[in-house]
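K.L.:
Got a file for you: target.pdb, PDB, C-alpha atoms and all ligand atoms.
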```pdb
MODEL        1
ATOM      1  CA  MET A 283      76.975 -38.019 -41.575
ATOM      2  CA  ASN A 284      73.834 -40.059 -42.245
ATOM      3  CA  LYS A 285      73.898 -43.124 -44.476
ATOM      4  CA  LYS A 286      71.738 -46.081 -45.395
ATOM      5  CA  ILE A 287      73.609 -49.334 -46.015
ATOM      6  CA  ALA A 288      72.108 -52.303 -47.887
ATOM      7  CA  VAL A 289      73.432 -55.880 -47.679
ATOM      8  CA  PRO A 290      71.940 -58.771 -49.759
ATOM      9  CA  VAL A 291      71.371 -61.692 -47.383
ATOM     10  CA  ASP A 292      70.110 -65.275 -47.332
ATOM     11  CA  GLU A 293      67.504 -66.821 -44.983
ATOM     12  CA  VAL A 294      69.932 -66.905 -42.031
ATOM     13  CA  GLY A 295      71.152 -63.352 -42.453
ATOM     14  CA  MET A 296      74.510 -64.149 -44.084
ATOM     15  CA  LEU A 297      75.790 -62.246 -47.118
ATOM     16  CA  ASP A 298      74.249 -63.690 -50.288
ATOM     17  CA  ALA A 299      76.928 -63.718 -53.000
ATOM     18  CA  HIS A 300      74.252 -63.573 -55.736
ATOM     19  CA  PHE A 301      73.179 -59.964 -55.446
ATOM     20  CA  GLY A 302      70.487 -60.180 -58.135
ATOM     21  CA  HIS A 303      68.825 -63.295 -56.703
ATOM     22  CA  CYS A 304      69.030 -62.698 -52.946
ATOM     23  CA  LYS A 305      65.931 -63.386 -50.835
ATOM     24  CA  PHE A 306      66.277 -60.335 -48.573
ATOM     25  CA  PHE A 307      68.122 -57.096 -48.049
ATOM     26  CA  GLU A 308      69.209 -55.968 -44.619
ATOM     27  CA  LEU A 309      69.065 -52.177 -44.418
ATOM     28  CA  PHE A 310      70.985 -50.206 -41.789
ATOM     29  CA  ASP A 311      70.218 -46.564 -40.984
ATOM     30  CA  VAL A 312      73.432 -44.882 -39.853
ATOM     31  CA  GLU A 313      73.838 -41.625 -37.959
ATOM     32  CA  ASN A 314      77.313 -40.343 -37.094
ATOM     33  CA  ASP A 315      78.865 -43.717 -37.975
ATOM     34  CA  LYS A 316      76.505 -45.586 -35.605
ATOM     35  CA  ILE A 317      73.745 -47.956 -36.666
ATOM     36  CA  VAL A 318      70.489 -46.553 -35.246
ATOM     37  CA  GLN A 319      67.973 -48.785 -37.020
ATOM     38  CA  GLN A 320      67.932 -52.091 -38.877
ATOM     39  CA  GLU A 321      65.256 -53.480 -41.190
ATOM     40  CA  LYS A 322      64.946 -56.655 -43.292
ATOM     41  CA  VAL A 323      63.099 -56.145 -46.585
ATOM     42  CA  VAL A 324      61.996 -58.446 -49.398
ATOM     43  CA  PRO A 325      63.146 -57.239 -52.833
ATOM     44  CA  PRO A 326      60.880 -57.160 -55.905
ATOM     45  CA  PRO A 327      61.251 -60.065 -58.408
ATOM     46  CA  HIS A 328      64.573 -59.993 -60.215
ATOM     47  CA  GLU A 329      64.655 -58.132 -63.516
ATOM     48  CA  PRO A 330      67.601 -56.298 -65.044
ATOM     49  CA  GLY A 331      68.049 -52.871 -63.462
ATOM     50  CA  VAL A 332      65.155 -53.168 -60.997
ATOM     51  CA  LEU A 333      67.086 -53.698 -57.757
ATOM     52  CA  PRO A 334      69.497 -50.736 -58.052
ATOM     53  CA  LYS A 335      66.602 -48.375 -58.763
ATOM     54  CA  TRP A 336      64.474 -49.879 -55.951
ATOM     55  CA  LEU A 337      67.295 -49.556 -53.390
ATOM     56  CA  ALA A 338      68.125 -46.006 -54.521
ATOM     57  CA  ASP A 339      64.426 -45.064 -54.096
ATOM     58  CA  LYS A 340      64.608 -46.402 -50.534
ATOM     59  CA  GLY A 341      67.354 -43.888 -49.786
ATOM     60  CA  VAL A 342      70.236 -46.398 -49.778
ATOM     61  CA  THR A 343      73.615 -44.648 -50.024
ATOM     62  CA  ASP A 344      75.994 -47.644 -49.841
ATOM     63  CA  VAL A 345      75.686 -51.265 -50.980
ATOM     64  CA  ILE A 346      77.948 -54.033 -49.678
ATOM     65  CA  ALA A 347      77.972 -57.115 -51.924
ATOM     66  CA  GLY A 348      79.969 -60.231 -52.783
ATOM     67  CA  GLY A 349      79.747 -59.598 -56.512
ATOM     68  CA  MET A 350      77.646 -57.661 -58.977
ATOM     69  CA  GLY A 351      77.304 -57.209 -62.735
ATOM     70  CA  ALA A 352      78.816 -54.171 -64.402
ATOM     71  CA  LYS A 353      75.390 -52.857 -65.477
ATOM     72  CA  ALA A 354      74.005 -52.911 -61.914
ATOM     73  CA  ILE A 355      77.096 -51.035 -60.697
ATOM     74  CA  GLN A 356      76.561 -48.427 -63.418
ATOM     75  CA  ILE A 357      72.914 -47.909 -62.409
ATOM     76  CA  PHE A 358      73.894 -47.572 -58.750
ATOM     77  CA  ASN A 359      76.571 -45.043 -59.635
ATOM     78  CA  TYR A 360      74.094 -43.129 -61.817
ATOM     79  CA  ASN A 361      71.840 -42.886 -58.723
ATOM     80  CA  ASN A 362      74.750 -41.736 -56.518
ATOM     81  CA  VAL A 363      74.864 -45.014 -54.576
ATOM     82  CA  ASN A 364      78.331 -46.309 -53.626
ATOM     83  CA  VAL A 365      78.983 -49.987 -54.351
ATOM     84  CA  PHE A 366      81.509 -52.092 -52.415
ATOM     85  CA  VAL A 367      81.954 -55.532 -53.950
ATOM     86  CA  GLY A 368      84.219 -58.424 -52.946
ATOM     87  CA  ALA A 369      82.907 -58.517 -49.350
ATOM     88  CA  PRO A 370      83.633 -61.679 -47.324
ATOM     89  CA  LYS A 371      80.844 -64.106 -46.384
ATOM     90  CA  LEU A 372      79.808 -62.678 -43.009
ATOM     91  CA  SER A 373      76.499 -61.828 -41.358
ATOM     92  CA  ALA A 374      74.826 -58.552 -42.350
ATOM     93  CA  GLU A 375      75.484 -57.161 -38.849
ATOM     94  CA  GLU A 376      79.200 -58.006 -39.043
ATOM     95  CA  LEU A 377      79.451 -56.432 -42.482
ATOM     96  CA  GLY A 378      77.532 -53.288 -41.518
ATOM     97  CA  LYS A 379      79.573 -52.771 -38.357
ATOM     98  CA  GLY A 380      82.869 -53.717 -40.021
ATOM     99  CA  PHE A 381      82.145 -51.380 -42.919
ATOM    100  CA  LEU A 382      81.622 -48.444 -40.546
ATOM    101  CA  GLU A 383      84.716 -49.363 -38.518
ATOM    102  CA  LYS A 384      86.673 -49.853 -41.780
ATOM    103  CA  THR A 385      87.725 -53.376 -40.856
ATOM    104  CA  ILE A 386      86.127 -55.180 -43.814
ATOM    105  CA  GLN A 387      88.521 -56.180 -46.568
ATOM    106  CA  PHE A 388      87.075 -55.951 -50.093
ATOM    107  CA  THR A 389      89.789 -58.141 -51.535
ATOM    108  CA  THR A 390      88.864 -58.908 -55.093
ATOM    109  CA  THR A 391      88.187 -55.366 -56.229
ATOM    110  CA  VAL A 392      91.875 -54.424 -56.539
ATOM    111  CA  SER A 393      92.659 -57.243 -58.990
ATOM    112  CA  VAL A 394      89.501 -56.779 -61.052
ATOM    113  CA  ASN A 395      89.942 -53.017 -61.266
ATOM    114  CA  LEU A 396      93.588 -53.483 -62.239
ATOM    115  CA  PHE A 397      92.443 -55.875 -64.980
ATOM    116  CA  HIS A 398      90.058 -53.252 -66.389
ATOM    117  CA  PHE A 399      92.643 -50.486 -66.045
ATOM    118  CA  MET A 400      95.524 -52.371 -67.677
ATOM    119  CA  GLU A 401      93.369 -53.472 -70.601
ATOM    120  CA  LYS A 402      92.136 -49.945 -71.172
ATOM    121  CA  TYR A 403      95.421 -48.096 -70.912
ATOM    122  CA  PHE A 404      98.275 -50.517 -71.544
ATOM    123  CA  ASP A 405      97.766 -53.988 -72.891
ATOM    124  CA  GLN A 406      94.935 -55.414 -74.977
ATOM    125  CA  ASN A 407      95.827 -58.999 -74.057
ATOM    126  CA  VAL A 408      95.901 -58.754 -70.297
ATOM    127  CA  MET A 409      94.586 -61.851 -68.496
ATOM    128  CA  LEU A 410      93.079 -62.129 -65.019
ATOM    129  CA  VAL A 411      93.800 -65.348 -63.104
ATOM    130  CA  ASP A 412      91.851 -66.097 -59.931
ATOM    131  CA  CYS A 413      94.136 -68.149 -57.678
ATOM    132  CA  ASP A 414      91.816 -67.918 -54.655
ATOM    133  CA  VAL A 415      90.824 -71.487 -55.491
ATOM    134  CA  GLU A 416      88.884 -72.113 -52.266
ATOM    135  CA  GLU A 417      86.535 -69.224 -52.987
ATOM    136  CA  PRO A 418      87.060 -67.816 -56.492
ATOM    137  CA  ASN A 419      84.808 -64.790 -57.002
ATOM    138  CA  ASP A 420      86.418 -62.618 -59.695
ATOM    139  CA  LEU A 421      83.927 -64.034 -62.192
ATOM    140  CA  LEU A 422      81.032 -62.426 -60.299
ATOM    141  CA  PHE A 423      82.208 -59.024 -61.524
ATOM    142  CA  PHE A 424      81.524 -59.780 -65.172
ATOM    143  CA  ALA A 425      78.016 -59.465 -66.534
ATOM    144  CA  GLU A 426      77.948 -62.228 -69.156
ATOM    145  CA  PRO A 427      81.111 -64.353 -69.047
ATOM    146  CA  GLU A 428      81.292 -67.130 -71.645
ATOM    147  CA  LYS A 429      83.041 -70.383 -70.834
ATOM    148  CA  ILE A 430      85.843 -71.132 -73.326
ATOM    149  CA  SER A 431      87.211 -74.285 -71.699
ATOM    150  CA  LYS A 432      86.892 -76.349 -68.545
ATOM    151  CA  LYS A 433      89.307 -79.011 -67.332
ATOM    152  CA  GLN A 434      88.989 -81.435 -64.420
ATOM    153  CA  THR A 435      92.323 -81.827 -62.619
ATOM    154  CA  TYR A 436      93.517 -84.718 -60.488
ATOM    155  CA  LEU A 437      96.037 -85.549 -57.786
ATOM    156  CA  LEU A 438      97.946 -88.823 -58.050
ATOM    157  CA  ILE A 439      97.516 -90.634 -54.747
ATOM    158  CA  PRO A 440      99.705 -93.669 -53.912
ATOM    159  CA  GLU A 441      98.206 -97.022 -53.022
ATOM    160  CA  ILE A 442     100.168 -99.796 -51.317
ATOM    161  CA  ASP A 443      99.842-103.404 -52.449
ATOM    162  CA  THR A 444     100.132-105.347 -49.185
ATOM    163  CA  ASP A 445     100.956-108.551 -51.120
ATOM    164  CA  LYS A 446     104.192-106.971 -52.355
ATOM    165  CA  CYS A 447     104.894-104.753 -49.321
ATOM    166  CA  THR A 448     107.527-105.962 -46.826
ATOM    167  CA  PHE A 449     106.413-103.363 -44.241
ATOM    168  CA  CYS A 450     109.950-101.965 -44.086
ATOM    169  CA  LYS A 451     108.548 -98.443 -43.399
ATOM    170  CA  LYS A 452     110.969 -96.736 -45.765
ATOM    171  CA  CYS A 453     108.089 -94.981 -47.571
ATOM    172  CA  SER A 454     106.589 -93.610 -44.347
ATOM    173  CA  ASP A 455     110.039 -92.397 -43.251
ATOM    174  CA  TRP A 456     110.348 -90.493 -46.547
ATOM    175  CA  CYS A 457     106.854 -88.989 -46.346
ATOM    176  CA  GLU A 458     107.135 -85.408 -45.083
ATOM    177  CA  PHE A 459     103.400 -85.230 -44.467
ATOM    178  CA  ASN A 460     102.864 -88.301 -42.225
ATOM    179  CA  ALA A 461     100.395 -89.610 -44.766
ATOM    180  CA  ILE A 462     101.501 -93.257 -44.574
ATOM    181  CA  THR A 463     100.755 -95.710 -41.763
ATOM    182  CA  ILE A 464     102.605 -99.030 -41.645
ATOM    183  CA  VAL A 465     101.908-101.599 -38.899
ATOM    184  CA  LYS A 466     104.010-104.655 -39.576
ATOM    185  CA  ASN A 467     102.365-106.944 -36.950
ATOM    186  CA  LEU A 468      98.975-106.377 -38.562
ATOM    187  CA  SER A 469     100.290-106.418 -42.162
ATOM    188  CA  PHE A 470      98.728-102.969 -42.436
ATOM    189  CA  ALA A 471      99.959-100.380 -44.945
ATOM    190  CA  LYS A 472      97.779 -97.438 -45.969
ATOM    191  CA  VAL A 473      98.041 -93.920 -47.396
ATOM    192  CA  ASN A 474      95.754 -91.218 -46.025
ATOM    193  CA  PRO A 475      94.635 -89.317 -49.172
ATOM    194  CA  ASP A 476      93.639 -86.266 -47.113
ATOM    195  CA  LEU A 477      97.238 -85.798 -45.938
ATOM    196  CA  CYS A 478      99.027 -86.863 -49.122
ATOM    197  CA  HIS A 479     100.510 -84.000 -51.183
ATOM    198  CA  SER A 480     101.125 -86.197 -54.197
ATOM    199  CA  CYS A 481     104.883 -85.565 -54.086
ATOM    200  CA  GLY A 482     105.811 -89.077 -55.283
ATOM    201  CA  ALA A 483     108.615 -89.533 -52.719
ATOM    202  CA  CYS A 484     107.208 -92.789 -51.353
ATOM    203  CA  ILE A 485     107.201 -94.372 -54.822
ATOM    204  CA  VAL A 486     110.873 -93.490 -55.266
ATOM    205  CA  ALA A 487     111.615 -94.837 -51.777
ATOM    206  CA  CYS A 488     110.007 -98.247 -52.213
ATOM    207  CA  ASN A 489     112.425-100.940 -53.428
ATOM    208  CA  PHE A 490     109.715-103.578 -53.763
ATOM    209  CA  ASP A 491     107.490-102.059 -56.437
ATOM    210  CA  ALA A 492     104.634-102.151 -53.928
ATOM    211  CA  ILE A 493     103.217 -98.676 -54.632
ATOM    212  CA  THR A 494     101.025 -97.629 -57.533
ATOM    213  CA  GLU A 495      99.011 -94.424 -58.021
ATOM    214  CA  TYR A 496      95.372 -93.629 -58.693
ATOM    215  CA  GLU A 497      93.714 -90.363 -59.693
ATOM    216  CA  GLN A 498      91.718 -88.376 -57.168
ATOM    217  CA  PRO A 499      89.733 -85.272 -58.306
ATOM    218  CA  LEU A 500      91.426 -82.045 -57.217
ATOM    219  CA  GLY A 501      89.291 -79.341 -58.781
ATOM    220  CA  VAL A 502      88.380 -77.598 -62.001
ATOM    221  CA  VAL A 503      90.353 -75.078 -64.055
ATOM    222  CA  ALA A 504      88.163 -72.971 -66.340
ATOM    223  CA  HIS A 505      88.800 -70.185 -68.847
ATOM    224  CA  TYR A 506      86.134 -67.544 -69.516
ATOM    225  CA  SER A 507      85.804 -64.819 -72.094
ATOM    226  CA  THR A 508      84.856 -61.618 -70.247
ATOM    227  CA  GLY A 509      84.908 -59.134 -73.104
ATOM    228  CA  ILE A 510      88.188 -57.805 -71.707
ATOM    229  CA  GLY A 511      91.652 -58.782 -72.939
ATOM    230  CA  SER A 512      92.331 -62.521 -72.908
ATOM    231  CA  GLY A 513      89.630 -63.191 -70.329
ATOM    232  CA  LEU A 514      89.698 -64.842 -66.946
ATOM    233  CA  VAL A 515      91.088 -68.187 -65.780
ATOM    234  CA  GLU A 516      90.038 -69.570 -62.411
ATOM    235  CA  GLY A 517      90.665 -72.645 -60.299
ATOM    236  CA  ARG A 518      87.809 -74.087 -58.246
ATOM    237  CA  LEU A 519      88.970 -76.540 -55.565
ATOM    238  CA  LYS A 520      86.923 -79.676 -54.871
ATOM    239  CA  ILE A 521      84.909 -79.099 -51.691
ATOM    240  CA  GLY A 522      86.691 -80.661 -48.714
ATOM    241  CA  SER A 523      90.123 -80.698 -50.347
ATOM    242  CA  ALA A 524      92.983 -78.888 -48.588
ATOM    243  CA  MET A 525      95.305 -78.979 -51.626
ATOM    244  CA  GLN A 526      95.010 -75.336 -52.706
ATOM    245  CA  THR A 527      98.669 -75.145 -53.677
ATOM    246  CA  SER A 528      98.400 -78.139 -56.043
ATOM    247  CA  LEU A 529      95.433 -76.597 -57.843
ATOM    248  CA  ILE A 530      97.139 -73.190 -58.069
ATOM    249  CA  LYS A 531     100.030 -74.984 -59.837
ATOM    250  CA  GLU A 532      97.511 -76.470 -62.305
ATOM    251  CA  VAL A 533      95.967 -73.032 -62.889
ATOM    252  CA  LYS A 534      99.402 -71.598 -63.609
ATOM    253  CA  LYS A 535     100.167 -74.422 -66.056
ATOM    254  CA  GLU A 536      97.013 -73.437 -67.944
ATOM    255  CA  VAL A 537      98.264 -69.860 -68.468
ATOM    256  CA  GLN A 538     102.008 -70.541 -68.834
ATOM    257  CA  HIS A 539     101.984 -69.842 -72.591
ATOM    258  CA  HIS A 540     100.188 -66.535 -72.294
ATOM    259  CA  GLU A 541     102.908 -64.092 -73.270
ATOM    260  CA  ASN A 542     101.263 -60.816 -72.298
ATOM    261  CA  LEU A 543     100.415 -59.334 -68.950
ATOM    262  CA  ILE A 544      98.883 -61.671 -66.355
ATOM    263  CA  ILE A 545      97.273 -60.445 -63.120
ATOM    264  CA  PHE A 546      97.116 -63.162 -60.450
ATOM    265  CA  ASP A 547      94.491 -62.591 -57.756
ATOM    266  CA  ALA A 548      95.972 -64.323 -54.689
ATOM    267  CA  PRO A 549      94.041 -65.844 -51.780
ATOM    268  CA  PRO A 550      94.068 -63.956 -48.467
ATOM    269  CA  GLY A 551      96.602 -64.668 -45.727
ATOM    270  CA  THR A 552     100.303 -65.438 -45.683
ATOM    271  CA  SER A 553     100.435 -69.206 -46.137
ATOM    272  CA  CYS A 554     101.605 -71.561 -48.918
ATOM    273  CA  PRO A 555      98.796 -70.749 -51.437
ATOM    274  CA  VAL A 556      99.809 -67.074 -51.328
ATOM    275  CA  VAL A 557     103.497 -67.973 -51.772
ATOM    276  CA  GLU A 558     102.634 -70.282 -54.696
ATOM    277  CA  THR A 559     100.634 -67.483 -56.347
ATOM    278  CA  VAL A 560     103.321 -64.792 -56.114
ATOM    279  CA  VAL A 561     106.476 -66.924 -56.403
ATOM    280  CA  ASP A 562     107.210 -66.063 -60.049
ATOM    281  CA  ALA A 563     105.580 -62.622 -60.183
ATOM    282  CA  ASP A 564     107.549 -59.593 -61.358
ATOM    283  CA  TYR A 565     105.612 -57.220 -59.125
ATOM    284  CA  VAL A 566     103.400 -57.816 -56.089
ATOM    285  CA  ILE A 567     100.705 -55.474 -54.769
ATOM    286  CA  LEU A 568      99.804 -56.240 -51.157
ATOM    287  CA  VAL A 569      96.310 -55.349 -49.947
ATOM    288  CA  THR A 570      95.581 -55.261 -46.238
ATOM    289  CA  GLU A 571      92.919 -54.127 -43.809
ATOM    290  CA  PRO A 572      93.627 -51.212 -41.429
ATOM    291  CA  THR A 573      93.799 -53.313 -38.246
ATOM    292  CA  PRO A 574      96.693 -54.577 -36.083
ATOM    293  CA  PHE A 575      95.971 -58.081 -37.428
ATOM    294  CA  GLY A 576      96.188 -56.825 -41.021
ATOM    295  CA  VAL A 577      99.458 -55.003 -40.397
ATOM    296  CA  HIS A 578     100.886 -58.075 -38.618
ATOM    297  CA  ASP A 579     100.169 -60.254 -41.677
ATOM    298  CA  LEU A 580     101.417 -57.554 -44.024
ATOM    299  CA  LYS A 581     104.802 -57.510 -42.249
ATOM    300  CA  ILE A 582     105.054 -61.318 -42.469
ATOM    301  CA  THR A 583     104.268 -61.200 -46.175
ATOM    302  CA  VAL A 584     106.850 -58.495 -46.861
ATOM    303  CA  ARG A 585     109.525 -60.491 -44.965
TER     304      ARG A 585
HETATM  305  S1  LIG A 601     103.112 -89.045 -52.433
HETATM  306 FE1  LIG A 601     104.347 -87.848 -50.993
HETATM  307  S2  LIG A 601     102.854 -87.025 -49.583
HETATM  308 FE2  LIG A 601     101.827 -88.659 -50.646
HETATM  309  S3  LIG A 601     102.114 -90.423 -49.364
HETATM  310 FE3  LIG A 601     103.791 -90.444 -50.850
HETATM  311  S4  LIG A 601     105.457 -89.389 -49.823
HETATM  312 FE4  LIG A 601     103.603 -88.930 -48.679
HETATM  313  S1  LIG A 602     108.668 -98.848 -48.829
HETATM  314 FE1  LIG A 602     107.490-100.271 -50.050
HETATM  315  S2  LIG A 602     107.823-102.209 -49.056
HETATM  316 FE2  LIG A 602     108.473-100.655 -47.613
HETATM  317  S3  LIG A 602     106.654-100.305 -46.360
HETATM  318 FE3  LIG A 602     106.589 -98.848 -48.021
HETATM  319  S4  LIG A 602     105.369 -99.840 -49.571
HETATM  320 FE4  LIG A 602     105.959-101.379 -48.173
ENDMDL
END
```
For the structure just supplied, provide its representation as structure tokens.

P.N.:
Amino acid sequence: MNKKIAVPVDEVGMLDAHFGHCKFFELFDVENDKIVQQEKVVPPPHEPGVLPKWLADKGVTDVIAGGMGAKAIQIFNYNNVNVFVGAPKLSAEELGKGFLEKTIQFTTTVSVNLFHFMEKYFDQNVMLVDCDVEEPNDLLFFAEPEKISKKQTYLLIPEIDTDKCTFCKKCSDWCEFNAITIVKNLSFAKVNPDLCHSCGACIVACNFDAITEYEQPLGVVAHYSTGIGSGLVEGRLKIGSAMQTSLIKEVKKEVQHHENLIIFDAPPGTSCPVVETVVDADYVILVTEPTPFGVHDLKITVR
């Protein structure tokens, strides 16, 4: 079967998450599930509704995107063009090939669709919570979200006062994350903030009152009105931070008093941020890609 796939891309050919403002589109002509021709085209200036119509006129049958407004999706659907949103940030070639081989995982769409569905059929106060704090993208699916609140969150990082410290090493022995270095001969005592998980164990361990804490930015928790239910809450981790789990905890604190249905969109994988997201859920829906790697991770998650 013949198809024409369009992918919005940036200057270096990677997926551009901002569909409406991308610089180029990579178009792939497909015959019998094989790419037979590829072309890079410059879209017309952005105006509401222009791009879907322009791509449909070019014969595009399928669009792969990071995110897209509801109106653009409607226009595509009206023109019989399939839209696949929630694609990962890969090159256009990887996305085109992966799409045909069915190895691309369009993660976010399940949570966002569930949000729409639950609001429509079951619960007017359903809330969507994006816990993929390294790369939150649920918001891209809503045409005109309005920010209700925004909160900067912090980690408390210990600091050792070398005037009070006896260099006994008790704090570094208690630190599960090897974040503390003590060198008695050099009177050196330091905490590595990149390794510290802000657990507070070292402060409890120290008998000499040598440790205090300071605030280090962790990320932002924001609540948006989306025109659906109680809206969307997302966490956005500070670039360079590896403390996803800490920010997910902050995001959950923000929604702890919401008494109706909450849909948590978890990050991909099987590691601690996923566990933190699902730990107190009543039901979990697992989404995987149809590859040996996907099934391997799926089994780990189920166990
Ligand atoms: S707060 Fe916890 S993780 Fe951080 S340095 Fe102290 S013991 Fe280690
Ligand atoms: S436990 Fe307290 S006194 Fe001992 S090395 Fe750590 S900071 Fe210094």

K.L.:
Please identify every polymer residue within 8 Å of ligand LIG 601 (chain A), using all atoms listed in the file, and present the set as a ChimeraX atom specification.

P.N.:
/A:438-440,453-454,456-462,473-475,477-485

K.L.:
Taking the point (78.9, -55.6, -43.1) as given in the file, collect each protein or nucleic acid residue that comes within 10 Å of it, counting only C-alpha atoms, and present the set as a PyMOL selection string.

P.N.:
chain A and resi 287-289+296-297+308+310+345-347+369-386

K.L.:
Once the PyMOL selection byres (((chain A and resi 357) around 10) and not hetatm) is applied to the coordinates I shared, what remains selected? I want it as a ChimeraX atom specification.

P.N.:
/A:331-335,338,352-356,358-363

K.L.:
Where does the PyMOL selection byres (((not hetatm)) within 9 of (chain A and resi 602)) land in this file, that is, which residues does it pick, as a PyMOL selection string?

P.N.:
chain A and resi 441-444+446-456+462-466+471-472+484-493

K.L.:
Skipping near chain neighbours, those fewer than 6 positions away, what residues fall within 9 Å of region 533-536 of chain A using all atoms listed in the file, listed as number ranges by chain?

P.N.:
A: 411-413, 502-505, 515-517, 559

K.L.:
Quick one: residues within 10 Å of Trp336 (chain A), all atoms listed in the file counted, chain neighbours fewer than 5 positions away excluded, as a PyMOL selection string?

P.N.:
chain A and resi 325-326+331+341-342
